[in-house]
Every structure is written in structure tokens, then in C-alpha cells.
file upload15.cif (mmCIF, C-alpha atoms)
data_query
loop_
_atom_site.label_atom_id
_atom_site.label_comp_id
_atom_site.auth_asym_id
_atom_site.auth_seq_id
_atom_site.Cartn_x
_atom_site.Cartn_y
_atom_site.Cartn_z
CA MET N 1 33.44 20.67 4.23
CA SER N 2 31.26 23.72 4.60
CA LEU N 3 27.49 23.94 4.56
CA ALA N 4 27.60 25.64 1.15
CA GLN N 5 29.57 22.73 -0.34
CA ILE N 6 27.16 20.17 1.13
CA THR N 7 24.22 22.15 -0.28
CA ASP N 8 25.89 22.24 -3.70
CA TYR N 9 26.51 18.45 -3.67
CA VAL N 10 22.92 17.74 -2.62
CA THR N 11 21.58 20.05 -5.33
CA ILE N 12 23.74 18.41 -8.00
CA SER N 13 22.69 14.92 -6.81
CA VAL N 14 19.01 15.85 -6.96
CA LEU N 15 19.42 17.28 -10.46
CA ILE N 16 21.13 14.10 -11.63
CA ILE N 17 18.36 11.93 -10.16
CA VAL N 18 15.67 14.10 -11.79
CA ALA N 19 17.50 13.95 -15.13
CA ILE N 20 17.74 10.16 -14.99
CA ALA N 21 14.08 9.80 -14.00
CA THR N 22 13.03 12.12 -16.83
CA GLY N 23 15.09 10.11 -19.30
CA VAL N 24 13.55 6.83 -18.16
CA ASP N 25 10.05 8.34 -18.33
CA THR N 26 10.68 9.66 -21.84
CA ALA N 27 12.02 6.31 -23.02
CA LEU N 28 9.07 4.39 -21.57
CA SER N 29 6.57 6.86 -23.00
CA PHE N 30 8.16 6.51 -26.43
CA TYR N 31 8.15 2.70 -26.15
CA ILE N 32 4.49 2.57 -25.11
CA LYS N 33 3.47 5.02 -27.84
CA ARG N 34 5.39 3.04 -30.45
CA ALA N 35 3.91 -0.26 -29.22
CA ASN N 36 0.40 1.21 -29.54
CA GLU N 37 1.13 2.40 -33.07
CA LEU N 38 2.31 -1.07 -34.05
CA LYS N 39 -0.63 -2.70 -32.26
CA LYS N 40 1.73 -4.68 -30.06
CA PRO N 41 0.61 -5.30 -26.50
CA VAL N 42 2.69 -3.67 -23.80
CA PRO N 43 4.23 -6.36 -21.56
CA GLN N 44 2.62 -6.71 -18.18
CA GLN N 45 3.59 -8.67 -15.12
CA VAL N 46 3.07 -12.35 -15.73
CA MET N 47 2.27 -14.52 -12.74
CA THR N 48 3.47 -18.07 -12.69
CA ILE N 49 1.22 -20.93 -11.69
CA ASP N 50 3.20 -21.20 -8.46
CA GLU N 51 2.51 -17.55 -7.58
CA ILE N 52 -1.20 -17.92 -8.37
CA ALA N 53 -1.32 -21.07 -6.22
CA LYS N 54 0.11 -19.14 -3.25
CA PHE N 55 -2.60 -16.53 -3.59
CA VAL N 56 -5.48 -18.98 -3.88
CA VAL N 57 -4.17 -21.03 -0.92
CA SER N 58 -3.94 -17.88 1.19
CA GLU N 59 -7.45 -16.89 0.19
CA ALA N 60 -8.85 -20.36 0.91
CA ALA N 61 -7.22 -20.35 4.35
CA THR N 62 -9.49 -17.47 5.36
CA LEU N 63 -12.68 -19.41 4.63
CA ASP N 64 -14.69 -21.12 7.34
CA ILE N 65 -14.93 -24.53 5.64
CA SER N 66 -13.21 -27.90 6.03
CA GLY N 67 -9.69 -28.54 4.78
CA VAL N 68 -10.88 -30.74 1.92
CA GLU N 69 -13.35 -28.06 0.77
CA LYS N 70 -10.60 -25.43 0.98
CA LYS N 71 -8.35 -27.54 -1.25
CA VAL N 72 -11.13 -28.14 -3.79
CA LYS N 73 -11.93 -24.42 -3.89
CA ALA N 74 -8.23 -23.47 -4.20
CA VAL N 75 -7.74 -25.93 -7.08
CA GLN N 76 -10.84 -24.62 -8.87
CA ASP N 77 -9.77 -21.00 -8.35
CA LEU N 78 -6.31 -21.84 -9.70
CA LEU N 79 -7.79 -23.52 -12.77
CA ASP N 80 -10.10 -20.53 -13.36
CA GLN N 81 -7.30 -17.98 -13.02
CA ALA N 82 -4.95 -19.98 -15.25
CA LYS N 83 -7.68 -20.24 -17.88
CA ALA N 84 -8.34 -16.47 -17.65
CA GLU N 85 -4.64 -15.80 -18.23
CA GLY N 86 -4.44 -18.31 -21.08
CA LYS N 87 -2.14 -20.74 -19.27
CA PRO N 88 -2.84 -24.38 -20.06
CA ILE N 89 -2.88 -26.46 -16.89
CA THR N 90 -4.31 -29.84 -16.00
CA GLU N 91 -6.27 -30.58 -12.86
CA SER N 92 -3.54 -32.86 -11.50
CA VAL N 93 -0.92 -30.12 -11.94
CA ALA N 94 -3.26 -27.63 -10.25
CA LYS N 95 -3.72 -30.00 -7.31
CA GLY N 96 0.03 -30.43 -7.01
CA ALA N 97 0.64 -26.67 -7.18
CA VAL N 98 -1.97 -26.03 -4.48
CA GLN N 99 -0.51 -28.75 -2.26
CA HIS N 100 3.00 -27.38 -2.78
CA ALA N 101 1.87 -23.83 -1.94
CA TYR N 102 0.09 -25.14 1.17
CA ASP N 103 3.19 -27.06 2.29
CA GLN N 104 5.37 -23.98 1.81
CA ALA N 105 2.96 -21.76 3.74
CA LYS N 106 2.80 -24.30 6.56
CA GLN N 107 6.60 -24.56 6.65
CA GLU N 108 7.00 -20.77 6.77
CA LYS N 109 4.43 -20.55 9.56
CA GLU N 110 6.29 -23.16 11.59
CA LYS N 111 9.55 -21.25 11.14
CA ALA N 112 7.90 -18.05 12.36
CA THR N 113 6.38 -19.73 15.42
CA PRO N 114 8.83 -19.93 18.33
CA GLU N 115 9.56 -23.40 19.63
CA LYS N 116 7.73 -24.61 22.71
CA GLU N 117 9.51 -23.85 25.94
CA ASP N 118 11.03 -26.66 27.89
CA GLU N 119 8.45 -28.10 30.31
CA THR N 120 10.98 -28.07 33.15
CA ALA N 121 11.83 -24.39 32.70
CA GLN N 122 10.97 -22.24 35.69
CA PRO N 123 10.00 -18.58 35.44
CA ILE N 124 12.56 -16.07 36.58
CA GLY N 125 11.55 -14.33 39.80
CA PHE N 126 12.08 -10.65 40.39
CA VAL N 127 13.11 -9.14 43.68
CA SER N 128 10.63 -6.60 44.91
CA GLY N 129 11.63 -3.45 46.75
CA ASP N 130 10.16 -4.80 50.06
CA ASP N 131 12.45 -7.86 50.10
CA GLN N 132 15.56 -5.72 49.92
CA ASN N 133 14.67 -3.68 53.01
CA GLU N 134 14.12 -6.69 55.28
CA GLY N 135 17.70 -8.01 55.40
#
call {"tool": "encode", "arguments": {"input": "upload15.cif", "output": "C-alpha cells"}}
result
Amino acid sequence: MSLAQITDYVTISVLIIVAIATGVDTALSFYIKRANELKKPVPQQVMTIDEIAKFVVSEAATLDISGVEKKVKAVQDLLDQAKAEGKPITESVAKGAVQHAYDQAKQEKEKATPEKEDETAQPIGFVSGDDQNEG
């Protein structure tokens, strides 16, 4: 395969990608314009209660307060965010979601942390250049 053929294939591939991207952009623009004309809201990313709980637990972990205060704050933040997004949630469900998110974060952290080395393990010694010349 010559350089000219490779250049031709790359050019054709780029043109196809640009054509597809333009088509997708045109379709989305039409959809959004049509949705605005019909006064329909354009769908946006919807976060589940579980996802929100992960965020509030992560945020609470950065605070310099006790664990109980962190949990209370995370539950309140979850309730506030759920209310702002129009998601009905009870306090007991919020507490459970926060506890579940905390347990998952703790489990992931333990997986990422290497296990403790065996107490009887000895460090490996290295031979220095001086030891080799003595023999």
C-alpha cells in the first residue's frame, strides 16, 4: 500500500466522520428546536438517589467534623437535593442511601489499599559494588 493510498483512505474516513457528526448535530438541533416550539422540556441527565448519595458522602468525607455529624449532614444534603429535583424521598430511605454509599466507598477504598505485608517478611538486600571486589 502506497502513501497516496493511505492518504486517500484517511481523507475518506475523516469525511465520513464529519458527515456523521454533521448529521447528528442537525438532528439534535431540529429536535431541540421542535421541543422548544412545542414547549416540551429537553431531557437532561437525571441522577438517581444512589448517585446523589455518593456525591454527598464524598463531600461530607472532606469535612473536619465527627462521623455522626458527617452522616447527619449527608442525609440532610441528600434530602435537599432530592427535593430540589422533585424526587420524593423519606428520611429513612435517605439514611439508608447514605449508609449504602458510605459502605461502598469504604469497600472500594479497602480494595485499592494493598494488604499489609507479612510481619516476618525481611527486606531484600542489595549487593554493593564494594562487596564484589573483596572476594
call {"tool": "residues_around", "arguments": {"input": "upload15.cif", "residues": "Leu79 (chain N)", "least_positions_apart": "6", "cutoff": "9 Å", "atoms": "only C-alpha atoms", "output": "VMD selection string"}}
result
chain N and resid 88 to 91 94
call {"tool": "resolve_selection", "arguments": {"input": "upload15.cif", "expression": "the PyMOL selection byres ((chain N and resi 70) around 12)", "output": "ChimeraX atom specification"}}
result
/N:56-69,71-77,95,98-99,102
call {"tool": "closest_residue", "arguments": {"input": "upload15.cif", "among": "N:Leu15, N:Ile49, N:Leu38, N:Ala21", "to": "Leu78 (chain N)", "atoms": "only C-alpha atoms"}}
result
N:Ile49
call {"tool": "atom_distance", "arguments": {"input": "upload15.cif", "atom1": "CA of Gln81 (chain N)", "atom2": "CA of Val93 (chain N)"}}
result
13.8 Å
call {"tool": "axis_aligned_box", "arguments": {"input": "upload15.cif", "around": "region 96-101 of chain N", "padding_each_side": "3 Å", "output": "lines of an AutoDock Vina configuration file"}}
result
center_x = 0.5
center_y = -27.1
center_z = -4.6
size_x = 11.0
size_y = 12.6
size_z = 11.2
call {"tool": "atom_distance", "arguments": {"input": "upload15.cif", "atom1": "CA of Ser92 (chain N)", "atom2": "CA of Ala53 (chain N)"}}
result
13.1 Å
call {"tool": "closest_residue", "arguments": {"input": "upload15.cif", "among": "N:Tyr9, N:Ile52, N:Ala97, N:Lys111", "to": "Ala84 (chain N)", "atoms": "all atoms listed in the file"}}
result
N:Ile52
call {"tool": "atom_distance", "arguments": {"input": "upload15.cif", "atom1": "CA of Gln107 (chain N)", "atom2": "CA of Glu51 (chain N)"}}
result
16.4 Å
